[in-house]
Amino acid sequence: MFTEYKANGASSTNKIPTPKIIFFDIDDTLSRAGIIAEHNQATLEALADSDVKLVISTGRSKAILPPDILALLEANVLDAIICMNGQYSFDNHSRISHYPLSDMQTAKIVTLCQASQLIHKFDSATHIAWSDENDRLREFNARTPNSIVDPCYYQSHEVYQCSVFFNNQVDKMQDIDFASDGLKLVHWHHIGADILPSDASKARGILDVCKYYGIDASDCMAFGDGMNDLEMFDLVGFAVAMGDAQPDLIARADFVTGTIEERGIQSVLERLDIAS
């Protein structure tokens, strides 16, 4: 286990100011293989008794959020969830904010995906809708009720982001000028990425949630590991990269901690005197 305090060259023994909200990524930050680590769940449950608000900030679709995360929201351990890279935010009472893709954006995205011969999906608040399926997706869809095959789904439903899967074809879509169409490609893994509007990010979702609660983003902390956490790290007052985070994200972090297995979240939060 290790924790490095990078801010202003301060030593790792410096105390970290207690935030008013902590934002957590899910995959490889709170959870492995879609299941929250027991010690992370215990820490969230302990934090729920404090004055610090707890919010998920994930690239996952609302339709396929892990059941254990949704259960924590239902139990009022979590205060809110930002999903689909800031495109949709909600709490137990209502939707906080949302940014559906325009007809022009979805049409352009489909054209780009078809030109690259890529299976892709659009995410709505209730479903993920695939353009096609293969053996792997057929198995996934069979065990995932909200995952469907419908290449025209986006034409009749509000959708918030598109995901593409490269199957290790690293050259796919790398030469496309997404910015010229007001879009961007954000990698979440070497085999896949999300296509989003240029102004979409977890940071925008965080600003919406902060406004909802009347809290300044400078009074927030965030934990993450992936490239879709970059804008979130630039926004919040205290950015913590997991030990196995992407190198470019670590470079933008104020703090570098251990992995899930090394109890990285706990090694930071213990300094706040709000977690055991």
# chains A, B, ... in the order shown; residues from 1 in each chain; ligands from 1
$ closest_atom_pairs --of "segment 164-269 of chain A" --to "segment 130-141 of chain A" --cutoff "12 Å" --atoms "only C-alpha atoms" --output "tab-separated table"
residue	atom	partner	partner_atom	distance
A:Val164	CA	A:Trp130	CA	9.8
A:Phe165	CA	A:Leu137	CA	11.0
A:Asn167	CA	A:Arg136	CA	11.3
$ select_by_dssp --residues "segment 198-230 of chain A" --states "strand (DSSP E)" --output "VMD selection string"
chain A and resid 220 to 224
$ residues_around --residues "Ser201 of chain A" --least-positions-apart "5" --cutoff "12 Å" --atoms "only C-alpha atoms" --output "VMD selection string"
chain A and resid 57 to 59 82 to 89 98 to 99 160 to 161 183 to 186 194 to 196 206 to 208 227 to 235
$ residues_around --residues "Ile22 of chain A" --least-positions-apart "3" --cutoff "6 Å" --atoms "only C-alpha atoms" --output "PDB file with C-alpha atoms, in the first residue's frame"
ATOM      1  CA  LEU A  54     -21.050  10.457  -1.459  1.00  0.00           C
ATOM      2  CA  CYS A 220     -14.821  18.174  -3.502  1.00  0.00           C
ATOM      3  CA  MET A 221     -12.596  15.104  -3.714  1.00  0.00           C
ATOM      4  CA  ALA A 222     -12.598  12.522  -6.496  1.00  0.00           C
TER       5      ALA A 222
END
$ atom_distance --atom1 "atom CA of Ile128 of chain A" --atom2 "atom CA of Ala63 of chain A"
6.6 Å
$ closest_residue --among "A:Thr18, A:Ser180, A:Gln246, A:Gln117" --to "Ser50 of chain A" --atoms "only C-alpha atoms"
A:Thr18
$ select_by_dssp --residues "segment 190-262 of chain A" --states "helix (DSSP H, G or I)" --output "list in words"
Lys202, Ala203, Arg204, Gly205, Ile206, Leu207, Asp208, Val209, Cys210, Lys211, Tyr212, Tyr213, Ala217, Ser218, Asp219, Met227, Asn228, Asp229, Leu230, Glu231, Met232, Phe233, Asp234, Leu235, Pro247, Asp248, Leu249 and Ile250 of chain A
$ residues_around --residues "segment 27-35 of chain A" --least-positions-apart "6" --cutoff "9 Å" --atoms "only C-alpha atoms" --output "compact mmCIF listing (two decimals) with N, CA, C and O atoms, in the first residue's frame"
# COMPACT_ATOMS: atom_id res chain seq x y z
N GLN A 41 -17.24 -1.10 0.29
CA GLN A 41 -18.63 -0.96 0.71
C GLN A 41 -18.72 -0.59 2.18
O GLN A 41 -19.51 0.29 2.57
N THR A 58 -19.42 7.85 -13.02
CA THR A 58 -19.02 6.72 -13.84
C THR A 58 -19.35 6.95 -15.32
O THR A 58 -20.23 7.74 -15.66
N ARG A 60 -20.41 4.37 -17.00
CA ARG A 60 -21.43 3.34 -17.24
C ARG A 60 -22.79 3.93 -17.56
O ARG A 60 -23.16 4.98 -17.04
N LEU A 65 -25.97 -0.08 -14.43
CA LEU A 65 -25.26 0.18 -13.19
C LEU A 65 -25.29 -1.09 -12.33
O LEU A 65 -26.30 -1.79 -12.29
N PRO A 66 -24.21 -1.42 -11.64
CA PRO A 66 -24.18 -2.65 -10.84
C PRO A 66 -25.25 -2.64 -9.75
O PRO A 66 -25.50 -1.60 -9.12
N PRO A 67 -25.89 -3.78 -9.51
CA PRO A 67 -26.93 -3.86 -8.47
C PRO A 67 -26.43 -3.44 -7.10
O PRO A 67 -27.19 -2.83 -6.33
N ASP A 68 -25.17 -3.74 -6.77
CA ASP A 68 -24.68 -3.37 -5.44
C ASP A 68 -24.56 -1.86 -5.29
O ASP A 68 -24.78 -1.31 -4.20
N ILE A 69 -24.25 -1.16 -6.37
CA ILE A 69 -24.18 0.31 -6.33
C ILE A 69 -25.58 0.90 -6.20
O ILE A 69 -25.82 1.82 -5.39
N PHE A 223 -12.04 10.18 -6.67
CA PHE A 223 -11.19 9.00 -6.86
C PHE A 223 -11.46 8.44 -8.25
O PHE A 223 -12.61 8.27 -8.64
N GLY A 224 -10.39 8.11 -9.00
CA GLY A 224 -10.59 7.55 -10.33
C GLY A 224 -9.36 6.83 -10.82
O GLY A 224 -8.30 6.83 -10.17
N ASP A 225 -9.49 6.22 -12.01
CA ASP A 225 -8.37 5.45 -12.55
C ASP A 225 -8.23 5.56 -14.07
O ASP A 225 -7.20 5.16 -14.62
N GLY A 226 -9.26 6.08 -14.78
CA GLY A 226 -9.26 6.03 -16.23
C GLY A 226 -9.19 7.38 -16.91
O GLY A 226 -9.30 8.43 -16.27
N ALA A 241 -5.69 9.49 -7.64
CA ALA A 241 -5.55 8.42 -8.62
C ALA A 241 -5.25 7.10 -7.92
O ALA A 241 -4.42 7.05 -7.00
N MET A 242 -5.93 6.04 -8.35
CA MET A 242 -5.65 4.72 -7.82
C MET A 242 -4.27 4.27 -8.29
O MET A 242 -3.74 4.76 -9.29
N ASP A 244 -3.21 1.73 -9.81
CA ASP A 244 -3.13 1.15 -11.15
C ASP A 244 -3.85 2.00 -12.18
O ASP A 244 -4.30 1.51 -13.21
N ALA A 245 -3.94 3.30 -11.90
CA ALA A 245 -4.59 4.23 -12.84
C ALA A 245 -3.73 4.43 -14.08
O ALA A 245 -2.54 4.12 -14.11
N THR A 259 -3.94 0.42 -4.93
CA THR A 259 -5.01 -0.20 -5.69
C THR A 259 -6.17 -0.56 -4.78
O THR A 259 -6.11 -0.37 -3.56
N ILE A 260 -7.23 -1.10 -5.36
CA ILE A 260 -8.35 -1.59 -4.54
C ILE A 260 -7.85 -2.59 -3.53
O ILE A 260 -8.16 -2.50 -2.33
N GLY A 264 -6.46 1.29 -1.19
CA GLY A 264 -6.02 2.62 -1.53
C GLY A 264 -6.97 3.72 -1.10
O GLY A 264 -6.53 4.78 -0.64
N ILE A 265 -8.26 3.49 -1.24
CA ILE A 265 -9.24 4.51 -0.81
C ILE A 265 -9.14 4.74 0.70
O ILE A 265 -9.13 5.88 1.17
$ closest_residue --among "A:Pro17, A:Thr43, A:Gln155, A:Asp51" --to "Ser267 of chain A" --atoms "only C-alpha atoms"
A:Thr43
$ residues_around --residues "Leu47 of chain A" --least-positions-apart "2" --cutoff "12 Å" --atoms "only C-alpha atoms" --output "PyMOL selection string"
chain A and resi 18-22+40-45+49-55+72+76-79+266+269-270+272-276
$ residues_around --residues "Asp181 of chain A" --least-positions-apart "4" --cutoff "9 Å" --atoms "only C-alpha atoms" --output "compact mmCIF listing (two decimals) with C-alpha atoms, in the first residue's frame"
# COMPACT_ATOMS: atom_id res chain seq x y z
CA GLN A 105 -25.03 13.95 -33.49
CA LYS A 108 -23.04 11.44 -37.57
CA ASP A 177 -11.45 14.39 -36.77
CA PRO A 197 -20.28 15.61 -27.43
CA SER A 198 -17.15 17.73 -27.06
$ atom_distance --atom1 "atom CA of Thr126 of chain A" --atom2 "atom CA of Met104 of chain A"
21.7 Å
$ closest_residue --among "A:Leu101, A:Val159, A:Val268, A:Ala142" --to "Phe122 of chain A" --atoms "only C-alpha atoms"
A:Val159
